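Content type mmCIF, C-alpha atoms, from the file target24.cif:
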data_input
#
loop_
_atom_site.label_atom_id
_atom_site.label_comp_id
_atom_site.auth_asym_id
_atom_site.auth_seq_id
_atom_site.Cartn_x
_atom_site.Cartn_y
_atom_site.Cartn_z
CA MET O 1 -36.84 -19.06 -15.15
CA SER O 2 -37.27 -22.10 -17.39
CA GLU O 3 -37.87 -25.21 -15.24
CA LYS O 4 -35.86 -27.18 -17.79
CA TYR O 5 -32.69 -25.27 -16.98
CA LYS O 6 -33.35 -24.41 -13.34
CA PRO O 7 -30.24 -25.40 -11.34
CA HIS O 8 -31.04 -28.24 -8.98
CA THR O 9 -30.25 -28.36 -5.29
CA LEU O 10 -29.23 -31.78 -4.01
CA ALA O 11 -30.65 -33.01 -0.74
CA GLY O 12 -28.30 -31.92 1.98
CA ASP O 13 -27.02 -28.77 0.26
CA ARG O 14 -26.65 -26.05 2.80
CA SER O 15 -25.61 -22.51 3.36
CA PRO O 16 -22.37 -22.04 5.34
CA GLU O 17 -23.39 -21.91 8.99
CA LYS O 18 -21.95 -20.21 12.02
CA PRO O 19 -19.96 -22.79 13.98
CA GLU O 20 -21.75 -24.28 16.98
CA LEU O 21 -19.24 -24.24 19.82
CA LEU O 22 -18.79 -27.47 21.76
CA THR O 23 -17.65 -27.80 25.34
CA VAL O 24 -14.38 -29.63 24.75
CA THR O 25 -10.79 -28.45 24.98
CA PRO O 26 -9.39 -28.42 21.41
CA PRO O 27 -5.86 -27.62 20.23
CA ASP O 28 -5.08 -23.91 20.03
CA LEU O 29 -5.40 -22.79 16.40
CA ASP O 30 -2.67 -20.20 16.83
CA ALA O 31 -0.24 -22.28 18.91
CA GLU O 32 3.01 -22.54 16.98
CA THR O 33 5.71 -25.14 17.24
CA VAL O 34 9.35 -25.39 16.23
CA GLY O 35 10.01 -26.31 12.64
CA ASP O 36 11.46 -29.79 13.12
CA ILE O 37 9.66 -32.81 11.74
CA SER O 38 8.82 -34.41 15.09
CA LYS O 39 6.91 -31.32 16.20
CA LEU O 40 5.10 -31.07 12.88
CA ARG O 41 4.07 -34.67 13.33
CA GLU O 42 2.75 -33.74 16.78
CA LEU O 43 0.58 -31.04 15.20
CA ILE O 44 -0.80 -33.51 12.68
CA SER O 45 -1.51 -36.01 15.45
CA GLU O 46 -3.82 -33.42 17.03
CA ILE O 47 -6.08 -33.57 13.96
CA ASP O 48 -9.04 -35.89 14.50
CA GLU O 49 -8.72 -38.00 11.36
CA THR O 50 -12.11 -39.65 11.85
CA ILE O 51 -13.92 -36.31 11.89
CA LEU O 52 -11.97 -35.00 8.90
CA ARG O 53 -12.55 -38.15 6.83
CA GLU O 54 -16.28 -38.17 7.59
CA ILE O 55 -16.59 -34.52 6.51
CA PHE O 56 -14.91 -35.36 3.20
CA PHE O 57 -17.15 -38.39 2.68
CA GLU O 58 -20.21 -36.28 3.49
CA GLU O 59 -19.21 -33.69 0.88
CA LEU O 60 -18.52 -36.40 -1.72
CA ALA O 61 -21.82 -38.16 -1.05
CA ARG O 62 -23.71 -34.86 -1.22
CA CYS O 63 -22.21 -34.34 -4.66
CA GLY O 64 -23.19 -37.79 -5.85
CA VAL O 65 -19.65 -39.24 -5.78
CA ASP O 66 -19.03 -42.85 -4.75
CA THR O 67 -17.09 -42.61 -1.47
CA SER O 68 -15.79 -46.16 -1.84
CA GLU O 69 -13.53 -44.86 -4.61
CA SER O 70 -12.21 -42.00 -2.47
CA SER O 71 -8.46 -41.40 -2.24
CA PHE O 72 -8.52 -39.83 1.21
CA ILE O 73 -4.90 -40.01 2.40
CA PRO O 74 -4.30 -41.39 5.92
CA LEU O 75 -2.58 -38.73 8.01
CA ALA O 76 0.07 -41.28 8.96
CA ASP O 77 1.14 -41.19 5.30
CA VAL O 78 1.91 -37.44 5.31
CA VAL O 79 5.65 -37.05 4.68
CA PHE O 80 8.08 -34.22 5.32
CA ASP O 81 10.82 -33.45 2.83
CA SER O 82 12.83 -30.23 2.77
CA ARG O 83 14.34 -31.33 -0.56
CA TYR O 84 11.00 -31.05 -2.30
CA GLU O 85 10.81 -28.12 -4.74
CA GLY O 86 8.60 -25.82 -2.75
CA GLU O 87 8.67 -22.88 -0.41
CA PRO O 88 9.17 -23.63 3.29
CA ASN O 89 5.98 -24.40 5.20
CA THR O 90 4.11 -25.25 2.02
CA SER O 91 2.45 -28.49 1.03
CA ALA O 92 2.01 -30.44 -2.17
CA LEU O 93 0.29 -33.55 -3.42
CA HIS O 94 2.52 -36.10 -5.11
CA ILE O 95 0.69 -38.43 -7.48
CA THR O 96 2.36 -41.58 -8.76
CA ARG O 97 1.68 -41.98 -12.46
CA THR O 98 -0.28 -45.22 -12.46
CA LEU O 99 -3.83 -46.27 -13.15
CA GLU O 100 -4.23 -46.84 -9.43
CA LYS O 101 -4.52 -43.79 -7.23
CA SER O 102 -1.27 -43.61 -5.31
CA HIS O 103 -1.12 -40.27 -3.51
CA ARG O 104 0.85 -38.78 -0.67
CA ILE O 105 0.97 -35.33 0.89
CA ILE O 106 4.37 -33.68 1.20
CA ILE O 107 4.98 -30.88 3.70
CA VAL O 108 8.13 -28.79 3.34
CA PRO O 109 9.28 -27.93 6.89
CA ASP O 110 10.90 -24.63 7.76
CA GLN O 111 13.21 -24.46 10.79
CA ASN O 112 12.87 -20.68 11.04
CA THR O 113 9.14 -20.06 10.65
CA PRO O 114 7.07 -22.70 12.44
CA PRO O 115 3.49 -23.15 11.24
CA SER O 116 0.41 -23.01 13.43
CA PHE O 117 -2.00 -25.91 13.91
CA ALA O 118 -4.51 -24.01 11.74
CA LYS O 119 -2.08 -23.69 8.84
CA VAL O 120 -1.16 -27.39 8.98
CA LEU O 121 -4.85 -28.36 9.09
CA TRP O 122 -5.78 -26.01 6.22
CA SER O 123 -2.86 -27.25 4.08
CA ILE O 124 -3.78 -30.90 4.62
CA ILE O 125 -7.41 -30.18 3.72
CA HIS O 126 -6.27 -28.44 0.52
CA GLU O 127 -4.10 -31.37 -0.56
CA GLN O 128 -6.72 -33.95 0.43
CA LEU O 129 -9.13 -32.14 -1.89
CA HIS O 130 -6.69 -32.56 -4.77
CA GLY O 131 -6.35 -36.22 -3.86
CA VAL O 132 -10.05 -37.09 -3.78
CA SER O 133 -10.80 -35.07 -6.93
CA THR O 134 -8.01 -36.42 -9.16
CA THR O 135 -8.41 -39.13 -11.78
CA ILE O 136 -5.59 -40.41 -14.00
CA ALA O 137 -5.55 -42.43 -17.22
CA VAL O 138 -2.36 -43.69 -18.88
CA HIS O 139 -2.17 -44.85 -22.51
CA SER O 140 1.06 -46.37 -23.81
CA GLY O 141 1.48 -46.84 -27.56
CA PRO O 142 4.39 -47.69 -29.85
CA TRP O 143 5.21 -44.03 -30.49
CA ASN O 144 4.19 -42.18 -27.36
CA THR O 145 2.82 -42.41 -23.84
CA THR O 146 -0.07 -40.15 -22.88
CA VAL O 147 -1.07 -39.36 -19.31
CA LYS O 148 -4.46 -37.68 -18.92
CA SER O 149 -5.33 -36.30 -15.50
CA ARG O 150 -8.31 -34.39 -14.21
CA SER O 151 -8.16 -32.65 -10.87
CA GLY O 152 -11.31 -30.85 -9.85
CA VAL O 153 -12.28 -28.65 -12.81
CA SER O 154 -8.77 -28.64 -14.32
CA ASN O 155 -7.30 -31.03 -16.85
CA LYS O 156 -3.79 -31.85 -17.97
CA VAL O 157 -2.46 -34.00 -20.82
CA VAL O 158 1.22 -34.97 -20.92
CA THR O 159 2.46 -36.73 -24.04
CA GLU O 160 5.97 -38.25 -24.11
CA GLN O 161 7.35 -39.05 -27.56
CA VAL O 162 9.30 -42.32 -27.58
CA LEU O 163 11.76 -41.53 -30.37
CA SER O 164 12.54 -37.89 -29.66
CA ASP O 165 12.04 -37.78 -25.87
CA GLU O 166 9.92 -34.67 -26.53
CA VAL O 167 7.31 -33.92 -23.89
CA ILE O 168 4.16 -32.00 -24.84
CA ILE O 169 2.03 -30.58 -22.03
CA GLU O 170 -1.49 -29.20 -22.39
CA GLU O 171 -3.27 -27.90 -19.32
CA HIS O 172 -6.41 -25.89 -18.67
CA HIS O 173 -7.94 -24.12 -15.67
CA LEU O 174 -5.22 -25.11 -13.19
CA ASN O 175 -5.30 -21.68 -11.54
CA PHE O 176 -9.09 -21.51 -11.33
CA ASN O 177 -9.01 -24.98 -9.81
CA GLU O 178 -6.58 -23.83 -7.10
CA GLY O 179 -8.88 -20.93 -6.22
CA LEU O 180 -11.89 -23.24 -6.04
CA THR O 181 -9.88 -25.70 -3.92
CA GLU O 182 -9.23 -22.85 -1.47
CA LEU O 183 -12.93 -22.01 -1.31
CA ILE O 184 -13.81 -25.64 -0.50
CA SER O 185 -10.86 -25.84 1.92
CA GLU O 186 -12.33 -23.01 3.96
CA ARG O 187 -15.74 -24.67 3.99
CA ILE O 188 -14.27 -27.95 5.28
CA PHE O 189 -11.97 -26.11 7.71
CA VAL O 190 -14.94 -24.36 9.32
CA GLU O 191 -16.98 -27.57 9.48
CA TYR O 192 -14.06 -29.46 11.04
CA CYS O 193 -13.61 -26.74 13.68
CA ARG O 194 -17.33 -26.84 14.44
CA GLN O 195 -17.38 -30.61 14.90
CA ALA O 196 -14.07 -30.70 16.80
CA GLY O 197 -15.19 -27.95 19.16
CA ILE O 198 -12.65 -25.37 18.02
CA GLY O 199 -14.39 -22.04 18.36
CA SER O 200 -11.84 -19.59 19.78
CA HIS O 201 -11.55 -16.57 17.42
CA LEU O 202 -12.40 -18.87 14.48
CA GLU O 203 -13.62 -16.01 12.31
CA GLN O 204 -10.28 -14.19 12.60
CA VAL O 205 -8.39 -17.37 11.78
CA GLN O 206 -10.55 -17.86 8.68
CA GLN O 207 -9.80 -14.35 7.49
CA LYS O 208 -6.09 -14.69 8.21
CA TYR O 209 -5.56 -17.90 6.28
CA ARG O 210 -7.91 -16.93 3.47
CA GLY O 211 -5.52 -14.10 2.68
CA GLU O 212 -2.20 -15.71 3.56
CA PHE O 213 -1.93 -18.61 1.14
CA ALA O 214 -0.35 -18.29 -2.30
CA TYR O 215 -3.65 -18.88 -4.08
CA GLY O 216 -5.41 -15.92 -2.50
CA LEU O 217 -5.77 -14.03 -5.80
CA TYR O 218 -7.20 -17.11 -7.49
CA ARG O 219 -9.69 -17.48 -4.66
CA GLN O 220 -10.78 -13.86 -5.09
CA LYS O 221 -11.40 -14.42 -8.80
CA VAL O 222 -13.41 -17.56 -8.11
CA ASP O 223 -15.55 -15.50 -5.70
CA TYR O 224 -15.94 -12.89 -8.45
CA PHE O 225 -16.87 -15.63 -10.94
CA ILE O 226 -19.56 -16.89 -8.56
CA GLY O 227 -20.96 -13.36 -8.22
CA LEU O 228 -20.93 -12.94 -12.01
CA ILE O 229 -22.79 -16.22 -12.62
CA GLN O 230 -25.25 -15.31 -9.86
CA ILE O 231 -26.08 -12.01 -11.57
CA LEU O 232 -26.29 -13.43 -15.10
CA SER O 233 -28.38 -16.45 -14.13
CA GLY O 234 -30.61 -14.85 -11.52
CA VAL O 235 -29.82 -17.72 -9.13
CA ASP O 236 -28.76 -17.15 -5.51
CA ARG O 237 -25.08 -17.36 -4.54
CA VAL O 238 -25.38 -20.46 -2.34
CA THR O 239 -26.89 -22.46 -5.22
CA VAL O 240 -24.12 -21.32 -7.58
CA GLU O 241 -21.42 -22.17 -5.02
CA ASN O 242 -22.88 -25.61 -4.34
CA ALA O 243 -23.08 -26.31 -8.08
CA LEU O 244 -19.39 -25.40 -8.47
CA ILE O 245 -18.47 -27.72 -5.60
CA ARG O 246 -20.41 -30.54 -7.25
CA THR O 247 -18.72 -30.02 -10.60
CA TYR O 248 -15.34 -29.93 -8.79
CA PHE O 249 -15.81 -33.37 -7.23
CA ARG O 250 -17.29 -34.75 -10.46
CA ASN O 251 -14.41 -33.44 -12.64
CA GLY O 252 -16.74 -31.24 -14.65
CA GLU O 253 -16.24 -27.87 -16.34
CA ILE O 254 -15.73 -24.58 -14.51
CA LEU O 255 -19.23 -23.50 -15.57
CA PRO O 256 -21.73 -26.25 -14.72
CA GLU O 257 -23.92 -27.22 -17.66
CA GLU O 258 -27.19 -26.09 -16.04
CA PHE O 259 -25.80 -22.54 -15.69
CA ARG O 260 -24.31 -22.54 -19.20
CA GLN O 261 -27.73 -23.40 -20.62
CA LEU O 262 -29.54 -20.95 -18.37
CA ILE O 263 -27.24 -18.02 -19.24
CA ASP O 264 -27.20 -18.84 -22.97
CA GLU O 265 -30.99 -18.93 -22.89
CA ARG O 266 -31.01 -15.38 -21.50
CA LYS O 267 -27.94 -14.11 -23.40
CA PRO O 268 -27.14 -16.39 -26.35
CA GLY O 269 -23.49 -17.17 -27.03
CA VAL O 270 -21.86 -15.33 -24.13
CA THR O 271 -20.68 -18.15 -21.89
CA ASP O 272 -17.53 -19.05 -23.84
CA LYS O 273 -16.51 -15.39 -23.86
CA LEU O 274 -17.01 -15.18 -20.11
CA ILE O 275 -15.01 -18.34 -19.42
CA GLY O 276 -12.14 -16.90 -21.45
CA TYR O 277 -11.64 -14.23 -18.77
CA PHE O 278 -10.91 -16.98 -16.25
CA ASN O 279 -8.32 -18.98 -18.18
CA ASP O 280 -4.89 -19.68 -16.66
CA THR O 281 -3.24 -16.61 -18.21
CA HIS O 282 -5.86 -14.15 -17.00
CA MET O 283 -6.06 -15.81 -13.59
CA ALA O 284 -2.30 -15.42 -13.11
CA THR O 285 -1.60 -12.02 -14.67
CA THR O 286 -4.72 -9.84 -14.44
CA SER O 287 -5.53 -8.03 -11.22
CA LEU O 288 -9.01 -8.36 -9.81
CA LEU O 289 -9.66 -4.67 -10.48
CA LEU O 290 -8.67 -4.95 -14.16
CA LEU O 291 -10.75 -8.10 -14.50
CA ASP O 292 -13.77 -6.23 -13.13
CA ILE O 293 -13.21 -3.30 -15.53
CA ALA O 294 -12.93 -5.70 -18.49
CA VAL O 295 -16.02 -7.72 -17.57
CA ARG O 296 -18.18 -4.70 -16.82
CA GLY O 297 -17.14 -3.30 -20.20
CA LEU O 298 -18.72 -6.22 -22.07
CA ASP O 299 -21.55 -5.04 -24.30
CA PHE O 300 -24.00 -7.78 -23.30
CA LEU O 301 -24.09 -6.67 -19.66
CA GLU O 302 -27.09 -4.52 -18.83
CA PRO O 303 -26.63 -1.37 -16.68
CA GLN O 304 -28.68 -2.98 -13.91
CA GLU O 305 -26.22 -5.91 -13.92
CA LYS O 306 -23.04 -3.83 -13.75
CA LEU O 307 -23.80 -2.13 -10.42
CA PRO O 308 -24.29 -5.35 -8.40
CA LEU O 309 -21.20 -6.79 -10.08
CA HIS O 310 -19.21 -3.82 -8.83
CA ASP O 311 -20.65 -4.47 -5.38
CA VAL O 312 -19.24 -8.01 -5.61
CA LEU O 313 -15.79 -6.53 -6.28
CA VAL O 314 -16.08 -4.12 -3.34
CA THR O 315 -17.08 -6.95 -0.99
CA ILE O 316 -14.13 -9.13 -2.07
CA ARG O 317 -11.61 -6.29 -1.76
CA LYS O 318 -12.93 -5.29 1.65
CA ARG O 319 -12.57 -8.87 2.88
CA ASP O 320 -9.02 -9.04 1.45
CA ILE O 321 -8.03 -5.86 3.31
CA GLU O 322 -9.40 -7.33 6.55
CA SER O 323 -7.45 -10.56 5.96
CA GLN O 324 -4.20 -8.69 5.34
CA SER O 325 -4.76 -6.58 8.45
CA ILE O 326 -5.24 -9.67 10.62
CA SER O 327 -2.18 -11.36 9.12
CA SER O 328 -0.08 -8.25 9.82
CA ASP O 329 -1.32 -8.01 13.41
CA ASN O 330 -0.35 -11.63 14.05
CA ASN O 331 3.15 -11.35 12.54
#
Give the structure from this file in structure tokens form.
Amino acid sequence: MSEKYKPHTLAGDRSPEKPELLTVTPPDLDAETVGDISKLRELISEIDETILREIFFEELARCGVDTSESSFIPLADVVFDSRYEGEPNTSALHITRTLEKSHRIIIVPDQNTPPSFAKVLWSIIHEQLHGVSTTIAVHSGPWNTTVKSRSGVSNKVVTEQVLSDEVIIEEHHLNFNEGLTELISERIFVEYCRQAGIGSHLEQVQQKYRGEFAYGLYRQKVDYFIGLIQILSGVDRVTVENALIRTYFRNGEILPEEFRQLIDERKPGVTDKLIGYFNDTHMATTSLLLLDIAVRGLDFLEPQEKLPLHDVLVTIRKRDIESQSISSDNN
């Protein structure tokens, strides 16, 4: 491998570790509560905000991001609003359109299906990730106002025409970004549970919530993307995953530059074609199986590369089946 293009590993990068169980009595991950706001607030109050914030700051610092500019949202600022346009027991990040970062997390309560502590924690982690990885720029001119936002590896440009009231929206990689946010959410979820001493059937809870959220398919395709880049670059999976996490917090592209150069050095001109298979349309409409068939049909893939790529698909599908089985057993 050319040293010039060899992906770097920042000090502190690590492989996901098995949680070290502590001898404290934590909240029960599966304990459910009624769907009213006061009880949801009780669940949130059980989250150790200091631990969660420090984990976020550690991830940001590891990725070379200035933590003083972080938009970590205080848990006291989480709001509940059943009028918000979302499914019950879902969460969303509301961003005020200003040059300053003004964020809040909205949780849509459901009186009929109370969430567990684990789901509330996972949802808050997901929205916090959007908050700390979002930058906004507003330009107002005589004819239009343009709002440019980057969230993780996605970008969105909204242009409002002054005279016609026409609104033009351009957005890229929103779905891939949601899948990558889920991957990082799981990483932070596990680290929080380790530090907070939550160890009871943690592995089952991971599998359950990995498969339960709406972005499960996007997460699967991000895992497939990581496997694909691993095979094409010859770099181990942990290094690829850590590079994607860095580019997420730095608002980079979905394929970090060091891997683009490395792959193009080995297979000139293929990276743009590969990225096209992970655009918003394909992420939303193509099944993982059809994506695998299409990618393995590309003429620049060698036979010795296609077999391990199929193994990546089998691993992801097996894990998805296990997640669905656990979710069904707990319903």
Practice problem: Would you translate the PyMOL selection byres ((chain O and resi 243) around 9) into the concrete set of residues it matches in this file, as a ChimeraX atom specification? | Solution: /O:7-9,63,238-242,244-248,255-256,258-259
Quiz item: Got a sec to resolve the PyMOL selection byres ((chain O and resi 296) around 9) on this structure and send the residues as a PyMOL selection string?
Solution: chain O and resi 291-295+297-299+301+305-307+309-310
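The shortest atom-to-atom distance to Leu288 of chain O, with only C-alpha atoms taken into account, belongs to O:Arg219 out of O:Arg219, O:Arg260, O:Arg250, O:Arg266.
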Practice problem: Name the closest residue to Val222 of chain O among the candidates O:Gln161, O:Asn251, O:Asn175, O:Gln261; distances are taken between atoms, counting all atoms listed in the file. | Solution: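 The shortest atom-to-atom distance to Val222 of chain O comes from O:Asn175.
Each of O:Gln128, O:Asn144, O:Thr67, O:Thr271 was checked against Ser185 of chain O using all atoms listed in the file; the smallest atom-to-atom distance is that of O:Gln128.
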Quiz item: Rounded to one decimal in Å, what is the spacing between atom CA of Leu60 of chain O and atom CA of Leu129 of chain O?
Solution: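 Spanning atom CA of Leu60 of chain O to atom CA of Leu129 of chain O is a straight-line distance of 10.3 Å.
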Quiz item: Can you list, as number ranges by chain, every protein, DNA or RNA residue that comes within 8 Å of Glu182 of chain O when you count all atoms listed in the file, leaving out same-chain residues fewer than 6 positions away?
Solution: O: 126, 210, 215-216, 219
Practice problem: Report the distance between atom CA of Ile106 of chain O and atom CA of Gly64 of chain O in Å, rounded to one decimal place. | Solution: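 Value for the atom CA of Ile106 of chain O-atom CA of Gly64 of chain O distance: 28.7 Å.
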Practice problem: Counting only C-alpha atoms, find the residues whose atoms lie at most 9 Å from (-4.2, -40.7, -21.1) (file coordinates) and write them out as a ChimeraX atom specification. | Solution: /O:136-140,145-149,157-159
Quiz item: What does the distance between atom CA of Phe57 of chain O and atom CA of Ser71 of chain O come to in Å, to one decimal place?
Solution: 10.4 Å
Practice problem: Pick out the closest residue to Gln304 of chain O from this set: O:Ile169, O:Ile231, O:Val108, O:Leu121. Count only C-alpha atoms. | Solution: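 Of O:Ile169, O:Ile231, O:Val108, O:Leu121, the one nearest Gln304 of chain O, counting only C-alpha atoms, is O:Ile231.
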Self-check item: Explicit residues for the PyMOL selection byres ((chain O and resi 127) around 9) (as a PyMOL selection string)
Solution: chain O and resi 91-93+104-106+122-126+128-132+181
Self-check item: Pick from O:Phe249, O:Ile263, O:Phe176, O:Ile44 nearest to Asp66 of chain O, counting all atoms listed in the file
Solution: O:Phe249
Quiz prompt | Val162 of chain O surroundings by all atoms listed in the file, 6 Å radius, close-in-sequence under 2 positions cut, as a PyMOL selection string | solution = chain O and resi 143-144+164-165
